[in-house]
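Here's the structure we're looking at; comments come further down.
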Amino acid sequence: MWVFLLSLVFASKLSFEQTGMIMEENQHIIKSFVQYVSNKDRGEKEGMFHQHFPEADVSFNVTVTGADVTTSNVFMMVKQTKDFSVSCDSFASVGTTEELSSGNGIQISGKRLVEFDGFAAAYLCQKGVKEPLDLKMEVTFKNKHGYLECGYFGFINFEFILGTMYVLVLFYWLMKISKWQESVMFFHKLLTAICIISMLDEFMKLYSLNYENKFDVHDSMKLLLIKVFHASKASLIHYAGFMLGFGWGMATNEVEEKPKITAFCVLYFFLFLIQDDDKKMFERSKLQMIVVVMFCILDAIWATVIVAKVNDLKNELEEARQSMKSDFYAKFGKLINTSVFGGICLCLISVLFLNTSWRFSAFAKTWWFTYGCWKMMFFVVLVSAMHLFKPHRSSKLYAEAVQLPGEEYDGLESGNEDFSKPDEAYLDGSQN
């Protein structure tokens with residue numbers, strides 16, 4: 001179980017491999033950027049967020065300083081590539097090259113139109129003996145649909161659709177809350193908060209992606225707010241999962257492990273704030289790799305504890321002849337197991353996509369395997385949990401009452417709103 005969970009979480013945080021570098025003799029690639037550039041304007045097929053720019057291009061501004069840096073031994077290249085691989089096979093620099101007034105470096109700037117639809121590589125090469133250099137390099141890839149990378153442009157439309165789905169689910173959920181106000185418990189409010197935060201998170205991400213696609217800049221305040229929302233949502237999900245897994249609100253009203261659970265979620269919140277969303281940057285710093293490993297460990301602990309506790313609760317309730325609550329936790333356990341199995345399947349498919357030539361032939365679907373499938377899976381699991389825990393006429397009675405031994409009573413199924421109040425012969429009002 002631990003191996004599967006660790007691989008599942010790690011796969012959801014995978015980044016692309018480093019750009020391939022093929023170096024000729026006495027030639028060195030100093031730095032490179034590779035991105036899929038779209039020169040096609042597909043019109044309305046791309047959706048409402050397509051910018052319809054007249055041309056696709058690669059623009060660059062590079063400043064190189066160091067000993068013996070001249071226009072003859074440092075040059076800029078922009079070429080088409082098939083699989084992220086680049087090579088120094090020419091000494092004709094593109095763009096305008098000028099020597100710095102200080103005399104210890106050069107500046108290369110310019111723009112190269114892209115007339116193809118595929119991977120474009122912009123890279124700086126050095127001829128001769130490799131020397132230490134100080135480098136400042138800015139490269140911008142512009143597509144006809146906008147500045148957002150082709151592999152992630154489809155993510156905009158997905159965020160819009162997913163955000164709309166959250167609105168519909170929240171509307172239905174609030175109708176249930178309003179209808180059975182007297183039966184609403186705290187975990188109902190917690191699920192409401194998770195749904196609202198998730199909805200706002202999707203629309204804020206939609207705004208951020210659309211803004212970046214239009215102007216090639218990030219709205220820093222919005223990005224910070226999005227990160228706080230991400231961290232809050234992740235922490236609440238882990239808190240709710242732990243508490244419900246320990247029987248809170250159904251098998252018991254008090255969870256002794258609550259302080260430890262709270263500390264776990266606070267740690268998770270701050271780790272989420274530290275984490276950089278750098279899947280598109282093709283690399284991770286040592287600090288970020290440490291954060292990823294910690295996330296893997298914490299998520300594995302979280303899922304493993306919940307699965308174990310739900311199974312233990314089901315068995316304990318069966319032994320206590322609380323068949324109604326036992327059946328409920330059996331359903332809850334099936335939801336968790338199905339989620340884990342689905343996550344493992346998505347993990348394997350994502351690994352297959354990111355580590356084979358599949359990603360080159362279907363690069364426009366990159367967003368789905370790095371973000372989309374996990375967001376959709378979370379949406380399905382959340383909606384399933386909201387259906388399982390939705391309020392109804394006897395929610396509090398179902399949670400707080402103790403089933404007496406004797407005949408089985410089938411009227412208190414979760415979500416059944418039409419049953420009449422159960423007979424006192426089957427239930428008393430005492431709490432667990």
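Residues in the structure tokens are named by chain (A, B, ... in the order shown) and by number from 1 within that chain; ligands are numbered from 1 in the order shown.
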Practice problem: Report as a PyMOL selection string: the residues of stretch 191-345 of chain A with a DSSP assignment of helix (DSSP H, G or I), based on the backbone of this structure. | Solution: chain A and resi 191-215+220-245+258-274+279-281+286-319+323-345
Exercise. Quick one: everything within 7 Å of A:Pro391, counting only C-alpha atoms, minus sequence neighbours fewer than 3 positions away in the same chain. Send it as a PyMOL selection string.
Key: chain A and resi 176-177+180+183-184+395
Please report, as a Markdown table, each residue of stretch 89-189 of chain A lying at most 12 Å from stretch 242-247 of chain A, together with the nearest pair of atoms and the separation in Å rounded to one decimal; use only C-alpha atoms, and order rows by chain and ascending residue number.
```
| residue | atom | partner | partner_atom | distance |
| --- | --- | --- | --- | --- |
| A:Phe186 | CA | A:Leu244 | CA | 11.4 |
| A:Phe187 | CA | A:Leu244 | CA | 8.4 |
| A:His188 | CA | A:Leu244 | CA | 11.3 |
```
Store the residues picked out above, limited to C-alpha atoms, as a short mmCIF file (atom, residue, chain, number, x, y, z; two decimals), in the first residue's frame.
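What landed in selection.cif:
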```cif
data_model
loop_
_atom_site.label_atom_id
_atom_site.label_comp_id
_atom_site.auth_asym_id
_atom_site.auth_seq_id
_atom_site.Cartn_x
_atom_site.Cartn_y
_atom_site.Cartn_z
CA PHE A 186 -20.43 20.61 11.61
CA PHE A 187 -18.96 18.27 8.99
CA HIS A 188 -21.71 19.40 6.59
#
```
Practice problem: Pull the strand (DSSP E or B) assignments for stretch 89-316 of chain A out of DSSP run on the backbone, and list those residues as a PyMOL selection string. | Solution: chain A and resi 96-99+105-113+118-127+134-143+146+248+252
Quiz item: Do you know which residues are at most 7 Å from stretch 363-372 of chain A counting only C-alpha atoms, after dropping those on the same chain fewer than 6 positions away, and could you put them as a list of chain:residue names?
Solution: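 Using only C-alpha atoms, the neighbours found are A:Ser12, A:Cys150, A:Gly151, A:Tyr152, A:Gly154, A:Phe155, A:Ser350.
Surrounding stretch 377-382 of chain A within 8 Å are A:Cys195, A:Leu335, A:Ser339, A:Gly342, A:Gly343, A:Cys373, A:Trp374, A:Ala385, A:Met386, with only C-alpha atoms counted and residues fewer than 3 positions along the same chain left out.
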Exercise. Skip stretch 45-59 of chain A itself and residues of its chain fewer than 2 positions away, then list as a PyMOL selection string all residues within 8 Å of it, counting only C-alpha atoms.
Key: chain A and resi 37-39+41-43+61+78+109-115+122+139-146+156-157+210+213-214
Quiz item: Do you have the atom CA of A:Lys205-atom CA of A:Cys296 distance handy?
Solution: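 Result for atom CA of A:Lys205 versus atom CA of A:Cys296: 24.0 Å, one decimal.
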Practice problem: Fewer than 4 positions away in the same chain doesn't count, so skip those; otherwise give me all residues within 7 Å of stretch 254-268 of chain A, counting only C-alpha atoms, as a ChimeraX atom specification. | Solution: /A:235,238-239,242,246,248,272
Self-check item: Shell of 10 Å around A:Thr97, only C-alpha atoms, local chain residues under 3 positions omitted, as a list in words
Solution: Val62, Thr63, Thr70, Thr71, Val74, Phe75, Met76, Ser93, Val94, Leu100, Ile106, Gln107, Ile108, Ser109 and Gly110 of chain A
Give me a file of those residues, with C-alpha atoms, as a PDB file, in the first residue's frame.
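The new file selection15.pdb reads:
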```pdb
ATOM      1  CA  VAL A  62      20.466  37.995 -23.591  1.00  0.00           C
ATOM      2  CA  THR A  63      23.307  39.688 -21.724  1.00  0.00           C
ATOM      3  CA  THR A  70      33.071  38.317 -27.905  1.00  0.00           C
ATOM      4  CA  THR A  71      30.621  38.176 -30.781  1.00  0.00           C
ATOM      5  CA  VAL A  74      29.120  33.330 -28.057  1.00  0.00           C
ATOM      6  CA  PHE A  75      26.040  33.096 -30.256  1.00  0.00           C
ATOM      7  CA  MET A  76      22.259  32.685 -30.037  1.00  0.00           C
ATOM      8  CA  SER A  93      23.993  34.092 -34.325  1.00  0.00           C
ATOM      9  CA  VAL A  94      20.402  35.241 -34.797  1.00  0.00           C
ATOM     10  CA  LEU A 100      28.675  46.170 -23.934  1.00  0.00           C
ATOM     11  CA  ILE A 106      27.844  41.265 -25.281  1.00  0.00           C
ATOM     12  CA  GLN A 107      24.090  41.709 -25.611  1.00  0.00           C
ATOM     13  CA  ILE A 108      22.003  39.700 -28.075  1.00  0.00           C
ATOM     14  CA  SER A 109      18.366  40.637 -28.714  1.00  0.00           C
ATOM     15  CA  GLY A 110      15.812  40.040 -31.385  1.00  0.00           C
TER      16      GLY A 110
END
```
